[in-house]
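Chemist: Sharing query-v1.pdb, PDB, C-alpha atoms:
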ATOM      1  CA  MET A   1     -18.264  19.245 -28.398
ATOM      2  CA  ASN A   2     -17.120  15.657 -28.931
ATOM      3  CA  THR A   3     -16.743  13.552 -25.824
ATOM      4  CA  ILE A   4     -13.194  12.500 -24.951
ATOM      5  CA  ARG A   5     -13.221   8.956 -23.599
ATOM      6  CA  ALA A   6     -10.296   8.660 -21.186
ATOM      7  CA  LEU A   7      -8.794   5.801 -19.219
ATOM      8  CA  LEU A   8      -7.249   6.907 -15.908
ATOM      9  CA  VAL A   9      -4.618   4.466 -14.612
ATOM     10  CA  ASP A  10      -3.344   5.214 -11.096
ATOM     11  CA  ASP A  11      -2.706   2.961  -8.099
ATOM     12  CA  HIS A  12      -3.594   5.623  -5.490
ATOM     13  CA  ALA A  13      -7.326   5.297  -4.867
ATOM     14  CA  VAL A  14      -7.943   8.807  -3.508
ATOM     15  CA  PHE A  15      -6.256  10.494  -6.466
ATOM     16  CA  ARG A  16      -7.814   8.116  -9.005
ATOM     17  CA  GLU A  17     -11.345   8.445  -7.694
ATOM     18  CA  SER A  18     -11.269  12.195  -7.054
ATOM     19  CA  VAL A  19      -9.757  13.081 -10.422
ATOM     20  CA  ALA A  20     -12.077  10.694 -12.275
ATOM     21  CA  SER A  21     -15.061  12.236 -10.533
ATOM     22  CA  ALA A  22     -13.920  15.801 -11.224
ATOM     23  CA  LEU A  23     -13.298  15.108 -14.905
ATOM     24  CA  ALA A  24     -16.514  13.138 -15.370
ATOM     25  CA  ALA A  25     -18.435  16.165 -14.056
ATOM     26  CA  ARG A  26     -17.422  17.969 -17.246
ATOM     27  CA  PRO A  27     -19.605  17.087 -20.257
ATOM     28  CA  GLU A  28     -16.613  16.748 -22.589
ATOM     29  CA  PHE A  29     -15.070  13.836 -20.668
ATOM     30  CA  GLU A  30     -15.999  10.233 -19.999
ATOM     31  CA  VAL A  31     -13.532   8.636 -17.567
ATOM     32  CA  ILE A  32     -12.817   4.992 -16.792
ATOM     33  CA  PRO A  33     -10.636   4.560 -13.650
ATOM     34  CA  CYS A  34      -8.214   1.625 -13.319
ATOM     35  CA  ALA A  35      -5.699   0.718 -10.611
ATOM     36  CA  THR A  36      -3.365  -1.617 -12.508
ATOM     37  CA  ILE A  37      -1.959  -2.218 -15.969
ATOM     38  CA  ARG A  38      -3.885  -5.477 -16.157
ATOM     39  CA  GLU A  39      -7.170  -3.670 -15.499
ATOM     40  CA  ALA A  40      -6.258  -1.009 -18.053
ATOM     41  CA  LEU A  41      -5.441  -3.513 -20.790
ATOM     42  CA  HIS A  42      -8.705  -5.325 -20.127
ATOM     43  CA  ALA A  43     -10.636  -2.049 -20.341
ATOM     44  CA  LEU A  44      -9.028  -1.307 -23.705
ATOM     45  CA  THR A  45     -10.420  -4.554 -25.096
ATOM     46  CA  LEU A  46     -13.975  -3.665 -24.060
ATOM     47  CA  ALA A  47     -14.477  -0.264 -25.688
ATOM     48  CA  PRO A  48     -12.529   2.319 -27.712
ATOM     49  CA  VAL A  49     -10.542   4.878 -25.720
ATOM     50  CA  ASP A  50      -9.255   8.210 -27.044
ATOM     51  CA  LEU A  51      -6.764   8.997 -24.324
ATOM     52  CA  VAL A  52      -4.983   7.189 -21.495
ATOM     53  CA  LEU A  53      -3.956   9.132 -18.382
ATOM     54  CA  LEU A  54      -1.145   6.968 -17.077
ATOM     55  CA  ASP A  55       0.744   7.249 -13.802
ATOM     56  CA  HIS A  56       4.452   6.550 -14.194
ATOM     57  CA  ASP A  57       4.902   4.723 -10.873
ATOM     58  CA  LEU A  58       2.242   2.081 -10.313
ATOM     59  CA  GLY A  59       3.845   0.362  -7.363
ATOM     60  CA  SER A  60       5.463  -2.762  -8.786
ATOM     61  CA  GLU A  61       4.663  -1.619 -12.334
ATOM     62  CA  ARG A  62       5.923   1.217 -14.533
ATOM     63  CA  ALA A  63       4.318   3.171 -17.363
ATOM     64  CA  SER A  64       6.895   1.835 -19.805
ATOM     65  CA  GLN A  65       5.468  -1.667 -19.258
ATOM     66  CA  PHE A  66       1.977  -0.567 -20.299
ATOM     67  CA  LEU A  67       2.839   1.066 -23.605
ATOM     68  CA  PRO A  68       4.177  -1.937 -25.569
ATOM     69  CA  ALA A  69       1.411  -4.169 -24.228
ATOM     70  CA  ALA A  70      -1.280  -1.659 -25.187
ATOM     71  CA  ARG A  71       0.069  -1.302 -28.722
ATOM     72  CA  GLN A  72       0.221  -5.079 -29.033
ATOM     73  CA  ILE A  73      -3.521  -5.420 -28.425
ATOM     74  CA  GLY A  74      -4.249  -2.715 -30.980
ATOM     75  CA  PHE A  75      -4.557   0.481 -28.937
ATOM     76  CA  ALA A  76      -3.838   3.404 -31.265
ATOM     77  CA  GLY A  77      -4.955   6.228 -28.987
ATOM     78  CA  ARG A  78      -2.816   8.793 -27.225
ATOM     79  CA  VAL A  79      -1.133   8.590 -23.821
ATOM     80  CA  LEU A  80      -0.572  11.388 -21.306
ATOM     81  CA  ILE A  81       1.707  10.535 -18.385
ATOM     82  CA  VAL A  82       0.245  11.981 -15.168
ATOM     83  CA  THR A  83       2.792  11.583 -12.397
ATOM     84  CA  ALA A  84       4.279  13.109  -9.264
ATOM     85  CA  TRP A  85       7.779  12.834 -10.711
ATOM     86  CA  VAL A  86       9.746  11.100 -13.430
ATOM     87  CA  SER A  87      13.479  11.263 -14.099
ATOM     88  CA  ASP A  88      14.797  12.908 -17.262
ATOM     89  CA  THR A  89      16.107   9.536 -18.420
ATOM     90  CA  GLU A  90      12.754   7.824 -18.008
ATOM     91  CA  ALA A  91      10.935  10.809 -19.518
ATOM     92  CA  ARG A  92      13.082  10.460 -22.630
ATOM     93  CA  ARG A  93      12.309   6.761 -22.754
ATOM     94  CA  LEU A  94       8.563   7.378 -22.490
ATOM     95  CA  VAL A  95       8.684  10.004 -25.231
ATOM     96  CA  ARG A  96      10.596   7.583 -27.457
ATOM     97  CA  GLN A  97       7.915   4.980 -26.781
ATOM     98  CA  GLY A  98       5.331   7.407 -28.112
ATOM     99  CA  VAL A  99       3.630   9.194 -25.209
ATOM    100  CA  SER A 100       2.068  12.496 -26.182
ATOM    101  CA  GLY A 101       2.729  14.363 -22.960
ATOM    102  CA  ILE A 102       3.971  14.427 -19.391
ATOM    103  CA  PHE A 103       1.889  16.191 -16.735
ATOM    104  CA  LEU A 104       3.007  16.681 -13.128
ATOM    105  CA  LYS A 105       0.436  16.140 -10.379
ATOM    106  CA  GLU A 106       1.499  19.305  -8.565
ATOM    107  CA  SER A 107      -0.327  21.298 -11.259
ATOM    108  CA  PRO A 108      -4.010  22.279 -10.914
ATOM    109  CA  LEU A 109      -6.929  20.353 -12.383
ATOM    110  CA  SER A 110      -7.572  23.128 -14.906
ATOM    111  CA  ALA A 111      -4.080  22.573 -16.310
ATOM    112  CA  LEU A 112      -4.746  18.838 -16.599
ATOM    113  CA  VAL A 113      -7.940  19.548 -18.520
ATOM    114  CA  GLU A 114      -6.030  21.758 -20.947
ATOM    115  CA  SER A 115      -3.325  19.112 -21.396
ATOM    116  CA  MET A 116      -5.967  16.485 -22.096
ATOM    117  CA  ARG A 117      -7.571  18.690 -24.726
ATOM    118  CA  LEU A 118      -4.221  19.316 -26.412
ATOM    119  CA  VAL A 119      -3.212  15.669 -26.453
ATOM    120  CA  ALA A 120      -6.633  14.442 -27.583
ATOM    121  CA  SER A 121      -6.530  16.907 -30.486
ATOM    122  CA  GLY A 122      -3.214  15.530 -31.707
ATOM    123  CA  HIS A 123      -0.753  17.882 -30.055
ATOM    124  CA  THR A 124       2.028  17.301 -27.534
ATOM    125  CA  SER A 125       1.769  18.573 -23.958
ATOM    126  CA  LEU A 126       4.971  18.411 -21.916
ATOM    127  CA  ASP A 127       5.471  20.023 -18.526
ATOM    128  CA  LYS A 128       7.995  22.858 -18.801
ATOM    129  CA  ARG A 129      10.585  20.697 -17.017
ATOM    130  CA  TYR A 130      10.565  18.327 -19.996
ATOM    131  CA  ALA A 131       9.985  20.854 -22.780
ATOM    132  CA  ASN A 132      13.383  20.127 -24.333
ATOM    133  CA  LEU A 133      12.297  16.542 -25.028
ATOM    134  CA  ALA A 134      10.022  17.683 -27.847
ATOM    135  CA  ALA A 135      13.063  18.569 -29.958
ATOM    136  CA  GLU A 136      14.903  15.402 -28.936
ATOM    137  CA  ARG A 137      11.959  13.332 -30.058
ATOM    138  CA  THR A 138      12.583  14.251 -33.670
ATOM    139  CA  SER A 139      16.378  14.312 -33.577
ATOM    140  CA  ARG A 140      17.206  11.090 -31.738
ATOM    141  CA  THR A 141      16.314   7.458 -32.357
ATOM    142  CA  GLU A 142      16.099   4.396 -30.158
ATOM    143  CA  ALA A 143      19.299   3.097 -31.705
ATOM    144  CA  ASP A 144      21.497   5.889 -30.380
ATOM    145  CA  THR A 145      19.888   6.404 -26.981
ATOM    146  CA  GLY A 146      20.184   3.075 -25.231
ATOM    147  CA  PRO A 147      21.692  -0.406 -25.288
ATOM    148  CA  LYS A 148      20.253  -3.364 -27.144
ATOM    149  CA  PHE A 149      20.544  -6.682 -25.333
ATOM    150  CA  ASN A 150      21.289  -9.886 -27.194
ATOM    151  CA  GLU A 151      19.257 -13.038 -26.572
ATOM    152  CA  ARG A 152      21.746 -14.483 -24.063
ATOM    153  CA  GLN A 153      21.749 -11.251 -22.058
ATOM    154  CA  ARG A 154      17.961 -11.164 -22.041
ATOM    155  CA  LYS A 155      17.762 -14.718 -20.723
ATOM    156  CA  VAL A 156      20.224 -14.005 -17.920
ATOM    157  CA  LEU A 157      18.451 -10.762 -17.090
ATOM    158  CA  ARG A 158      15.079 -12.496 -16.846
ATOM    159  CA  PHE A 159      16.533 -15.011 -14.385
ATOM    160  CA  VAL A 160      18.071 -12.167 -12.364
ATOM    161  CA  LEU A 161      14.629 -10.556 -12.173
ATOM    162  CA  GLU A 162      13.270 -13.865 -10.873
ATOM    163  CA  GLY A 163      15.875 -13.804  -8.107
ATOM    164  CA  LEU A 164      18.023 -16.727  -9.258
ATOM    165  CA  SER A 165      21.667 -16.921  -8.171
ATOM    166  CA  ASN A 166      24.566 -17.175 -10.625
ATOM    167  CA  LYS A 167      24.792 -20.891  -9.914
ATOM    168  CA  GLU A 168      21.087 -21.392 -10.577
ATOM    169  CA  ILE A 169      21.261 -19.372 -13.797
ATOM    170  CA  SER A 170      24.248 -21.446 -14.857
ATOM    171  CA  ALA A 171      22.255 -24.649 -14.375
ATOM    172  CA  GLN A 172      19.198 -23.269 -16.185
ATOM    173  CA  LEU A 173      21.162 -22.169 -19.247
ATOM    174  CA  GLN A 174      23.706 -25.015 -19.087
ATOM    175  CA  ILE A 175      26.651 -22.623 -19.217
ATOM    176  CA  SER A 176      29.502 -22.072 -16.791
ATOM    177  CA  GLU A 177      29.085 -19.859 -13.761
ATOM    178  CA  SER A 178      32.014 -17.726 -14.941
ATOM    179  CA  TYR A 179      30.169 -17.147 -18.214
ATOM    180  CA  VAL A 180      27.106 -15.993 -16.268
ATOM    181  CA  LYS A 181      29.311 -13.530 -14.361
ATOM    182  CA  ALA A 182      30.750 -12.245 -17.627
ATOM    183  CA  ILE A 183      27.266 -11.680 -19.046
ATOM    184  CA  LEU A 184      26.238  -9.848 -15.881
ATOM    185  CA  GLN A 185      29.309  -7.620 -16.142
ATOM    186  CA  SER A 186      28.380  -6.764 -19.719
ATOM    187  CA  LEU A 187      24.860  -5.866 -18.541
ATOM    188  CA  PHE A 188      26.301  -3.691 -15.764
ATOM    189  CA  GLN A 189      28.459  -1.847 -18.277
ATOM    190  CA  GLN A 190      25.677  -1.335 -20.808
ATOM    191  CA  THR A 191      23.201  -0.029 -18.237
ATOM    192  CA  GLY A 192      25.690   1.931 -16.124
ATOM    193  CA  VAL A 193      24.943   0.119 -12.840
ATOM    194  CA  ARG A 194      27.133  -1.654 -10.271
ATOM    195  CA  THR A 195      24.861  -4.074  -8.426
ATOM    196  CA  ARG A 196      22.149  -6.644  -9.130
ATOM    197  CA  GLY A 197      19.605  -4.517  -7.282
ATOM    198  CA  GLN A 198      20.369  -1.505  -9.462
ATOM    199  CA  LEU A 199      20.225  -3.706 -12.559
ATOM    200  CA  VAL A 200      16.755  -4.950 -11.622
ATOM    201  CA  ARG A 201      15.421  -1.444 -11.036
ATOM    202  CA  VAL A 202      16.925   0.059 -14.179
ATOM    203  CA  SER A 203      15.787  -2.885 -16.298
ATOM    204  CA  LEU A 204      12.173  -2.600 -15.135
ATOM    205  CA  GLU A 205      12.118   1.172 -15.500
ATOM    206  CA  GLN A 206      14.020   1.618 -18.738
ATOM    207  CA  TYR A 207      14.288  -1.656 -20.656
ATOM    208  CA  ALA A 208      11.064  -3.539 -19.976
ATOM    209  CA  ASP A 209      10.373  -3.785 -23.704
ATOM    210  CA  GLN A 210      13.505  -5.928 -24.109
ATOM    211  CA  LEU A 211      12.681  -8.443 -21.379
TER     212      LEU A 211
END
Can you turn what I pasted into structure tokens?

Modeler:
Amino acid sequence: MNTIRALLVDDHAVFRESVASALAARPEFEVIPCATIREALHALTLAPVDLVLLDHDLGSERASQFLPAARQIGFAGRVLIVTAWVSDTEARRLVRQGVSGIFLKESPLSALVESMRLVASGHTSLDKRYANLAAERTSRTEADTGPKFNERQRKVLRFVLEGLSNKEISAQLQISESYVKAILQSLFQQTGVRTRGQLVRVSLEQYADQL
């Protein structure tokens, strides 16, 4: 049996260490535990990895932030999201980004092992809650499932994420404050939110690849 070299990325130490230990006890797995995306990306540069077990919620980070960065440094392996919960919207986004499965932590270790085997062998493994996404993956494209921000919107959004006020953004971009407000309104409409706080959360969770 070929060894599956897996990277386990989870910010909860007890879960990360216990699962890594349990999997490493099986001869078919070699497991590298990481707590942050930065650690995970560094690990990917050191040795080849077949499979990444990636938590969706990593505190201030999200799984969707890892995927583009990993591809950029040349990672061509497969990714299995291992999470307590993920919304249908974010699950769709992750599938569109190319994850090979979504596994819920409420399931037993034996089920995780089976999911890892499936994903490592080239198959998809989605929890039954997200089973319908397999069909959507082949029938929908990024173009018809979410907004695309223009360069001006991206610049304003980045400043919003940094906590700048409308007046400060206006000064940075050398545009009027009313124009900044208009751009923010367009972002609200495109993302379906009503407040800056909601815009920040949705942007980090769903549109990090456009920032």

Chemist: Which residue, A:Gly77, A:Pro48, A:Pro147, A:Gly59, has the smallest gap to Asp209 in chain A when you use all atoms listed in the file?

Modeler: A:Pro147

Chemist: Evaluate the PyMOL selection byres ((chain A and resi 4) around 12) against this structure - the residues, as a ChimeraX atom specification, please.

Modeler: /A:1-3,5-7,23-24,26-32,48-53,77-78,113,116-121

Chemist: Write out the residues from the selection above, keeping C-alpha atoms, as a CSV table (one decimal), keeping the file's coordinate frame.

Modeler:
chain,number,residue,atom,x,y,z
A,1,MET,CA,-18.3,19.2,-28.4
A,2,ASN,CA,-17.1,15.7,-28.9
A,3,THR,CA,-16.7,13.6,-25.8
A,5,ARG,CA,-13.2,9.0,-23.6
A,6,ALA,CA,-10.3,8.7,-21.2
A,7,LEU,CA,-8.8,5.8,-19.2
A,23,LEU,CA,-13.3,15.1,-14.9
A,24,ALA,CA,-16.5,13.1,-15.4
A,26,ARG,CA,-17.4,18.0,-17.2
A,27,PRO,CA,-19.6,17.1,-20.3
A,28,GLU,CA,-16.6,16.7,-22.6
A,29,PHE,CA,-15.1,13.8,-20.7
A,30,GLU,CA,-16.0,10.2,-20.0
A,31,VAL,CA,-13.5,8.6,-17.6
A,32,ILE,CA,-12.8,5.0,-16.8
A,48,PRO,CA,-12.5,2.3,-27.7
A,49,VAL,CA,-10.5,4.9,-25.7
A,50,ASP,CA,-9.3,8.2,-27.0
A,51,LEU,CA,-6.8,9.0,-24.3
A,52,VAL,CA,-5.0,7.2,-21.5
A,53,LEU,CA,-4.0,9.1,-18.4
A,77,GLY,CA,-5.0,6.2,-29.0
A,78,ARG,CA,-2.8,8.8,-27.2
A,113,VAL,CA,-7.9,19.5,-18.5
A,116,MET,CA,-6.0,16.5,-22.1
A,117,ARG,CA,-7.6,18.7,-24.7
A,118,LEU,CA,-4.2,19.3,-26.4
A,119,VAL,CA,-3.2,15.7,-26.5
A,120,ALA,CA,-6.6,14.4,-27.6
A,121,SER,CA,-6.5,16.9,-30.5

Chemist: Using only C-alpha atoms, which protein or nucleic acid residues come within 12 Å of Asp10 in chain A? Drop anything in the same chain fewer than 4 positions from it, and give the result as a PyMOL selection string.

Modeler: chain A and resi 14-20+32-40+52-59+61-63+81-84+105

Chemist: What does the distance from CA of Ile102 in chain A to CA of Gln65 in chain A come to in Å, to one decimal?

Modeler: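 Here the two named atoms are 16.2 Å from each other.
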
Chemist: Taking the file as shown, find all residues satisfying the PyMOL selection byres ((chain A and resi 173) around 12) and write them as a count of residues only.

Modeler: 23

Chemist: Put a box with edges along x, y and z around all the listed atoms of range 66-83 of chain A, pad it by 4 Å on each side, then give me its centre and sizes in Å, one decimal, as lines of an AutoDock Vina configuration file.

Modeler:
center_x = -0.4
center_y = 3.3
center_z = -21.8
size_x = 17.1
size_y = 25.4
size_z = 26.9

Chemist: Pick out the residues sitting within 12 Å of Lys128 in chain A, and hand them over as a ChimeraX atom specification; count all atoms listed in the file, and ignore anything fewer than 6 positions along from it in its own chain.

Modeler: /A:101-104,107,134

Chemist: Using all atoms listed in the file, can you tell me which of A:Leu133, A:Ser165, A:Ser115, A:Ala91 comes closest to Gln206 in chain A?

Modeler: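 Answer, going by the shortest atom-to-atom distance: A:Ala91.
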
Chemist: What does the distance between CA of Gln198 in chain A and CA of Tyr130 in chain A come to in Å, to one decimal place?

Modeler: 24.5 Å

Chemist: Using Å and a single decimal, report how far CA of Ala13 in chain A sits from CA of Ser110 in chain A.

Modeler: 20.5 Å

Chemist: Pick from A:Ser100, A:Phe149, A:Ala208, A:Arg201: nearest to Ser186 in chain A, with only C-alpha atoms counted?

Modeler: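 Of the candidates, the smallest distance to Ser186 in chain A is held by A:Phe149.
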
Chemist: Rebuild N, CA and C atoms on range 107-129 of chain A, as a PDB file, keeping the file's coordinate frame?

Modeler:
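As a result, rebuild-v6.pdb now contains:
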ATOM      1  N   SER A 107       0.404  20.273 -10.507  1.00  0.00           N
ATOM      2  CA  SER A 107      -0.327  21.298 -11.259  1.00  0.00           C
ATOM      3  C   SER A 107      -1.821  21.200 -10.985  1.00  0.00           C
ATOM      4  N   PRO A 108      -2.568  22.285 -11.209  1.00  0.00           N
ATOM      5  CA  PRO A 108      -4.010  22.279 -10.914  1.00  0.00           C
ATOM      6  C   PRO A 108      -4.816  21.464 -11.917  1.00  0.00           C
ATOM      7  N   LEU A 109      -6.044  21.134 -11.529  1.00  0.00           N
ATOM      8  CA  LEU A 109      -6.929  20.353 -12.383  1.00  0.00           C
ATOM      9  C   LEU A 109      -7.190  21.065 -13.709  1.00  0.00           C
ATOM     10  N   SER A 110      -7.317  22.377 -13.675  1.00  0.00           N
ATOM     11  CA  SER A 110      -7.572  23.128 -14.906  1.00  0.00           C
ATOM     12  C   SER A 110      -6.446  22.925 -15.916  1.00  0.00           C
ATOM     13  N   ALA A 111      -5.214  22.805 -15.420  1.00  0.00           N
ATOM     14  CA  ALA A 111      -4.080  22.573 -16.310  1.00  0.00           C
ATOM     15  C   ALA A 111      -4.138  21.164 -16.891  1.00  0.00           C
ATOM     16  N   LEU A 112      -4.593  20.205 -16.101  1.00  0.00           N
ATOM     17  CA  LEU A 112      -4.746  18.838 -16.599  1.00  0.00           C
ATOM     18  C   LEU A 112      -5.790  18.797 -17.709  1.00  0.00           C
ATOM     19  N   VAL A 113      -6.887  19.492 -17.500  1.00  0.00           N
ATOM     20  CA  VAL A 113      -7.940  19.548 -18.520  1.00  0.00           C
ATOM     21  C   VAL A 113      -7.386  20.100 -19.831  1.00  0.00           C
ATOM     22  N   GLU A 114      -6.604  21.162 -19.741  1.00  0.00           N
ATOM     23  CA  GLU A 114      -6.030  21.758 -20.947  1.00  0.00           C
ATOM     24  C   GLU A 114      -5.062  20.795 -21.628  1.00  0.00           C
ATOM     25  N   SER A 115      -4.250  20.091 -20.830  1.00  0.00           N
ATOM     26  CA  SER A 115      -3.325  19.112 -21.396  1.00  0.00           C
ATOM     27  C   SER A 115      -4.081  17.985 -22.094  1.00  0.00           C
ATOM     28  N   MET A 116      -5.161  17.544 -21.490  1.00  0.00           N
ATOM     29  CA  MET A 116      -5.967  16.485 -22.096  1.00  0.00           C
ATOM     30  C   MET A 116      -6.545  16.943 -23.429  1.00  0.00           C
ATOM     31  N   ARG A 117      -7.024  18.160 -23.478  1.00  0.00           N
ATOM     32  CA  ARG A 117      -7.571  18.690 -24.726  1.00  0.00           C
ATOM     33  C   ARG A 117      -6.501  18.748 -25.820  1.00  0.00           C
ATOM     34  N   LEU A 118      -5.315  19.214 -25.444  1.00  0.00           N
ATOM     35  CA  LEU A 118      -4.221  19.316 -26.412  1.00  0.00           C
ATOM     36  C   LEU A 118      -3.835  17.949 -26.956  1.00  0.00           C
ATOM     37  N   VAL A 119      -3.638  16.998 -26.044  1.00  0.00           N
ATOM     38  CA  VAL A 119      -3.212  15.669 -26.453  1.00  0.00           C
ATOM     39  C   VAL A 119      -4.287  14.970 -27.280  1.00  0.00           C
ATOM     40  N   ALA A 120      -5.533  15.087 -26.858  1.00  0.00           N
ATOM     41  CA  ALA A 120      -6.633  14.442 -27.583  1.00  0.00           C
ATOM     42  C   ALA A 120      -6.802  15.013 -28.988  1.00  0.00           C
ATOM     43  N   SER A 121      -6.398  16.271 -29.169  1.00  0.00           N
ATOM     44  CA  SER A 121      -6.530  16.907 -30.486  1.00  0.00           C
ATOM     45  C   SER A 121      -5.303  16.679 -31.369  1.00  0.00           C
ATOM     46  N   GLY A 122      -4.349  15.880 -30.875  1.00  0.00           N
ATOM     47  CA  GLY A 122      -3.214  15.530 -31.707  1.00  0.00           C
ATOM     48  C   GLY A 122      -1.933  16.276 -31.422  1.00  0.00           C
ATOM     49  N   HIS A 123      -1.938  17.108 -30.397  1.00  0.00           N
ATOM     50  CA  HIS A 123      -0.753  17.882 -30.055  1.00  0.00           C
ATOM     51  C   HIS A 123       0.028  17.214 -28.922  1.00  0.00           C
ATOM     52  N   THR A 124       1.203  17.764 -28.646  1.00  0.00           N
ATOM     53  CA  THR A 124       2.028  17.301 -27.534  1.00  0.00           C
ATOM     54  C   THR A 124       1.900  18.265 -26.366  1.00  0.00           C
ATOM     55  N   SER A 125       1.868  17.727 -25.153  1.00  0.00           N
ATOM     56  CA  SER A 125       1.769  18.573 -23.958  1.00  0.00           C
ATOM     57  C   SER A 125       2.776  18.096 -22.925  1.00  0.00           C
ATOM     58  N   LEU A 126       3.920  18.768 -22.861  1.00  0.00           N
ATOM     59  CA  LEU A 126       4.971  18.411 -21.916  1.00  0.00           C
ATOM     60  C   LEU A 126       5.106  19.484 -20.856  1.00  0.00           C
ATOM     61  N   ASP A 127       5.182  19.076 -19.592  1.00  0.00           N
ATOM     62  CA  ASP A 127       5.471  20.023 -18.526  1.00  0.00           C
ATOM     63  C   ASP A 127       6.762  20.768 -18.872  1.00  0.00           C
ATOM     64  N   LYS A 128       6.853  22.018 -18.429  1.00  0.00           N
ATOM     65  CA  LYS A 128       7.995  22.858 -18.801  1.00  0.00           C
ATOM     66  C   LYS A 128       9.337  22.220 -18.440  1.00  0.00           C
ATOM     67  N   ARG A 129       9.344  21.377 -17.399  1.00  0.00           N
ATOM     68  CA  ARG A 129      10.585  20.697 -17.017  1.00  0.00           C
ATOM     69  C   ARG A 129      11.100  19.799 -18.132  1.00  0.00           C
TER      70      ARG A 129
END
